[in-house]
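First comes the structure, then the notes that go with it.
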Amino acid sequence: MIIGMGIMQFSMAQDSDGKGGFDKSKLFFGGGLGLAFGTYTIVNVSPLAGYRFSELFAAGVGINYSYYGYNDGYWNYKQSYLGMSIFGRVYPVRQFFIQVQPQENYMWYTQSGIGSYQDQPTLKLNQFVPSLLIGGGAAIPTGGNGAITISVMYDVLQNYYSPYYRQAVYGFGYTMGF
């Protein structure tokens, strides 16, 4: 929280010509949308907003919703996450970035029997799940203030209930600015 307030103070105090004030041309918005249907059903919506402090640094906030569903013929699994995150990016080269993204999700999980297992008790679990995604990517300019973003991140906390447990997080999205 204190870091976020410091970032906001810094952003309010700087603009492109160094005279102070907020420079809306440094804002960017974007995010990702994921859909998969078949053996697994996956839905992900994750908008974000950020501010480019300089050619080297950017930071922002995001929210996300994810749903995972699976039916193996015996059990029906449903898992939803609603969360928020902050992120910081360093651009060592103009189009490439390194990103750190702490995230807190609230998880709803149910496992219920179907068919011959329908008499089994339903398992329900609700809890907060922290994640710390670290990785990098590319922001490929598309003209104006827009860019296609491609990234690969990994959750270094590896909480068993994390949506990123034991897997890399591949991102593909679009950001646009003013």
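Just remember, in the structure tokens the first chain shown is A, the second B, etc., residues are 1-based per chain, and ligands are 1-based in the order shown.
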
**OP:** For segment 170-178 of chain A, please output as a list in words all residues within 8 Å (counting only C-alpha atoms; exclusion window: fewer than 5 positions along the same chain).
**Re:** Lys24, Ser25, Lys26, Leu27, Phe28, Phe29, Gly30, Gly31, Gly32, Leu33, Asn145, Gly146, Ala147, Ile148, Thr149, Ile150, Ser151, Val152 and Met153 of chain A

Original post:
If you run DSSP on this backbone, which residues of segment 4-143 of chain A come out as strand (DSSP E or B), and could you give them as number ranges by chain?
Top reply: A: 27-36, 40-52, 57-71, 75-93, 96-113, 123-143

Original post:
What's the 8 Å shell around segment 70-80 of chain A, counting only C-alpha atoms, without same-chain residues fewer than 6 positions away, as an MDAnalysis selection string?
Top reply: chainID A and resid 39:41 107:117

Put those residues in a file: N, CA and C atoms, as a PDB file, in the first residue's frame.
```
ATOM      1  N   THR A  39     -12.437 -30.909 -22.684  1.00  0.00           N
ATOM      2  CA  THR A  39     -12.312 -31.669 -21.437  1.00  0.00           C
ATOM      3  C   THR A  39     -12.326 -30.730 -20.247  1.00  0.00           C
ATOM      4  N   TYR A  40     -11.628 -29.611 -20.399  1.00  0.00           N
ATOM      5  CA  TYR A  40     -11.617 -28.567 -19.377  1.00  0.00           C
ATOM      6  C   TYR A  40     -12.345 -27.357 -19.931  1.00  0.00           C
ATOM      7  N   THR A  41     -13.051 -26.651 -19.067  1.00  0.00           N
ATOM      8  CA  THR A  41     -13.615 -25.355 -19.422  1.00  0.00           C
ATOM      9  C   THR A  41     -12.837 -24.311 -18.639  1.00  0.00           C
ATOM     10  N   MET A 107     -10.591 -17.815  -3.727  1.00  0.00           N
ATOM     11  CA  MET A 107     -10.940 -19.028  -4.458  1.00  0.00           C
ATOM     12  C   MET A 107     -12.223 -19.653  -3.905  1.00  0.00           C
ATOM     13  N   TRP A 108     -13.098 -20.094  -4.826  1.00  0.00           N
ATOM     14  CA  TRP A 108     -14.264 -20.908  -4.503  1.00  0.00           C
ATOM     15  C   TRP A 108     -14.074 -22.243  -5.221  1.00  0.00           C
ATOM     16  N   TYR A 109     -14.116 -23.333  -4.480  1.00  0.00           N
ATOM     17  CA  TYR A 109     -13.882 -24.653  -5.068  1.00  0.00           C
ATOM     18  C   TYR A 109     -14.992 -25.592  -4.613  1.00  0.00           C
ATOM     19  N   THR A 110     -15.534 -26.351  -5.549  1.00  0.00           N
ATOM     20  CA  THR A 110     -16.483 -27.413  -5.207  1.00  0.00           C
ATOM     21  C   THR A 110     -16.137 -28.663  -6.007  1.00  0.00           C
ATOM     22  N   GLN A 111     -16.319 -29.791  -5.337  1.00  0.00           N
ATOM     23  CA  GLN A 111     -16.127 -31.096  -5.966  1.00  0.00           C
ATOM     24  C   GLN A 111     -17.349 -31.918  -5.588  1.00  0.00           C
ATOM     25  N   SER A 112     -18.133 -32.297  -6.594  1.00  0.00           N
ATOM     26  CA  SER A 112     -19.349 -33.060  -6.317  1.00  0.00           C
ATOM     27  C   SER A 112     -19.383 -34.316  -7.185  1.00  0.00           C
ATOM     28  N   GLY A 113     -19.918 -35.358  -6.610  1.00  0.00           N
ATOM     29  CA  GLY A 113     -20.003 -36.628  -7.317  1.00  0.00           C
ATOM     30  C   GLY A 113     -21.117 -36.634  -8.338  1.00  0.00           C
ATOM     31  N   ILE A 114     -20.899 -37.393  -9.406  1.00  0.00           N
ATOM     32  CA  ILE A 114     -21.934 -37.572 -10.422  1.00  0.00           C
ATOM     33  C   ILE A 114     -22.070 -39.063 -10.701  1.00  0.00           C
ATOM     34  N   GLY A 115     -23.163 -39.444 -11.321  1.00  0.00           N
ATOM     35  CA  GLY A 115     -23.389 -40.858 -11.633  1.00  0.00           C
ATOM     36  C   GLY A 115     -23.424 -41.683 -10.358  1.00  0.00           C
ATOM     37  N   SER A 116     -22.649 -42.758 -10.306  1.00  0.00           N
ATOM     38  CA  SER A 116     -22.644 -43.627  -9.133  1.00  0.00           C
ATOM     39  C   SER A 116     -22.006 -42.954  -7.910  1.00  0.00           C
ATOM     40  N   TYR A 117     -21.385 -41.817  -8.084  1.00  0.00           N
ATOM     41  CA  TYR A 117     -20.764 -41.084  -6.971  1.00  0.00           C
ATOM     42  C   TYR A 117     -21.637 -39.935  -6.457  1.00  0.00           C
TER      43      TYR A 117
END
```

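Rounded to one decimal, atom CA of Gln103 of chain A and atom CA of Ala58 of chain A lie 17.0 Å from each other.
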
Taking the backbone alone, and naming residues the way the document does, which bits of segment 14-157 of chain A are helix (DSSP H, G or I) by DSSP, as a PDB file with C-alpha atoms, in the first residue's frame?
```pdb
ATOM      1  CA  LYS A  24      -2.208  11.131 -19.336  1.00  0.00           C
ATOM      2  CA  SER A  25      -0.212  10.087 -22.416  1.00  0.00           C
ATOM      3  CA  LYS A  26       1.795   7.796 -20.106  1.00  0.00           C
ATOM      4  CA  GLY A 115     -23.389 -40.858 -11.633  1.00  0.00           C
ATOM      5  CA  SER A 116     -22.644 -43.627  -9.133  1.00  0.00           C
ATOM      6  CA  TYR A 117     -20.764 -41.084  -6.971  1.00  0.00           C
TER       7      TYR A 117
END
```

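Minimum distance to Gln101 of chain A across A:Val45, A:Ile134, A:Met84, A:Val156 (counting only C-alpha atoms) occurs at A:Ile134.
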
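A straight line drawn from atom CA of Ala168 of chain A to atom CA of Asn105 of chain A is 17.3 Å long.
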
What are the closest atom pairs, with distances in Å to one decimal, for each residue of segment 17-67 of chain A lying within 7 Å of segment 85-93 of chain A, using only C-alpha atoms, rows by chain and rising residue number, as a tab-separated table?
```
residue	atom	partner	partner_atom	distance
A:Leu56	CA	A:Tyr91	CA	4.8
A:Phe57	CA	A:Val90	CA	4.9
A:Ala58	CA	A:Arg89	CA	5.1
A:Ala59	CA	A:Gly88	CA	4.3
A:Gly60	CA	A:Phe87	CA	5.4
A:Val61	CA	A:Ile86	CA	4.3
A:Gly62	CA	A:Ser85	CA	5.1
A:Ile63	CA	A:Ser85	CA	6.2
```

Just N, CA and C atoms for this one: save the residues we selected as an mmCIF file, in the first residue's frame.
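Wrote again.cif, looks like this:
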```
data_model
loop_
_atom_site.group_PDB
_atom_site.id
_atom_site.type_symbol
_atom_site.label_atom_id
_atom_site.label_comp_id
_atom_site.auth_asym_id
_atom_site.auth_seq_id
_atom_site.Cartn_x
_atom_site.Cartn_y
_atom_site.Cartn_z
ATOM 1 N N LEU A 56 12.197 3.385 -18.900
ATOM 2 C CA LEU A 56 12.708 2.209 -18.202
ATOM 3 C C LEU A 56 11.700 1.554 -17.256
ATOM 4 N N PHE A 57 10.779 2.343 -16.647
ATOM 5 C CA PHE A 57 9.893 1.819 -15.605
ATOM 6 C C PHE A 57 8.417 2.066 -15.898
ATOM 7 N N ALA A 58 7.595 1.068 -15.540
ATOM 8 C CA ALA A 58 6.138 1.174 -15.594
ATOM 9 C C ALA A 58 5.567 0.370 -14.429
ATOM 10 N N ALA A 59 4.388 0.737 -13.976
ATOM 11 C CA ALA A 59 3.712 0.011 -12.893
ATOM 12 C C ALA A 59 2.213 0.184 -13.067
ATOM 13 N N GLY A 60 1.456 -0.684 -12.402
ATOM 14 C CA GLY A 60 0.013 -0.574 -12.506
ATOM 15 C C GLY A 60 -0.712 -1.567 -11.630
ATOM 16 N N VAL A 61 -2.015 -1.649 -11.870
ATOM 17 C CA VAL A 61 -2.903 -2.520 -11.108
ATOM 18 C C VAL A 61 -3.763 -3.327 -12.075
ATOM 19 N N GLY A 62 -4.258 -4.443 -11.595
ATOM 20 C CA GLY A 62 -5.136 -5.268 -12.405
ATOM 21 C C GLY A 62 -6.127 -6.016 -11.543
ATOM 22 N N ILE A 63 -7.198 -6.445 -12.162
ATOM 23 C CA ILE A 63 -8.159 -7.339 -11.516
ATOM 24 C C ILE A 63 -8.297 -8.554 -12.424
#
```

Subject >> Distance of atom CA of Ser162 of chain A from atom CA of Gly136 of chain A, expressed in Å to one decimal place >> reply: 19.7 Å

Original post:
Restricting the calculation to only C-alpha atoms, which member of A:Tyr68, A:Phe37, A:Tyr164, A:Phe22 is positioned closest to Tyr51 of chain A?
Top reply: A:Phe22

Subject >> From A:Ile98, A:Leu82, A:Leu123, A:Ala49, residue lying nearest Ala139 of chain A [only C-alpha atoms] >> reply: A:Ile98

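Counting only C-alpha atoms and comparing A:Gly83, A:Gln127, A:Tyr67, A:Leu157, the residue that lies closest to Pro47 of chain A is A:Gly83.
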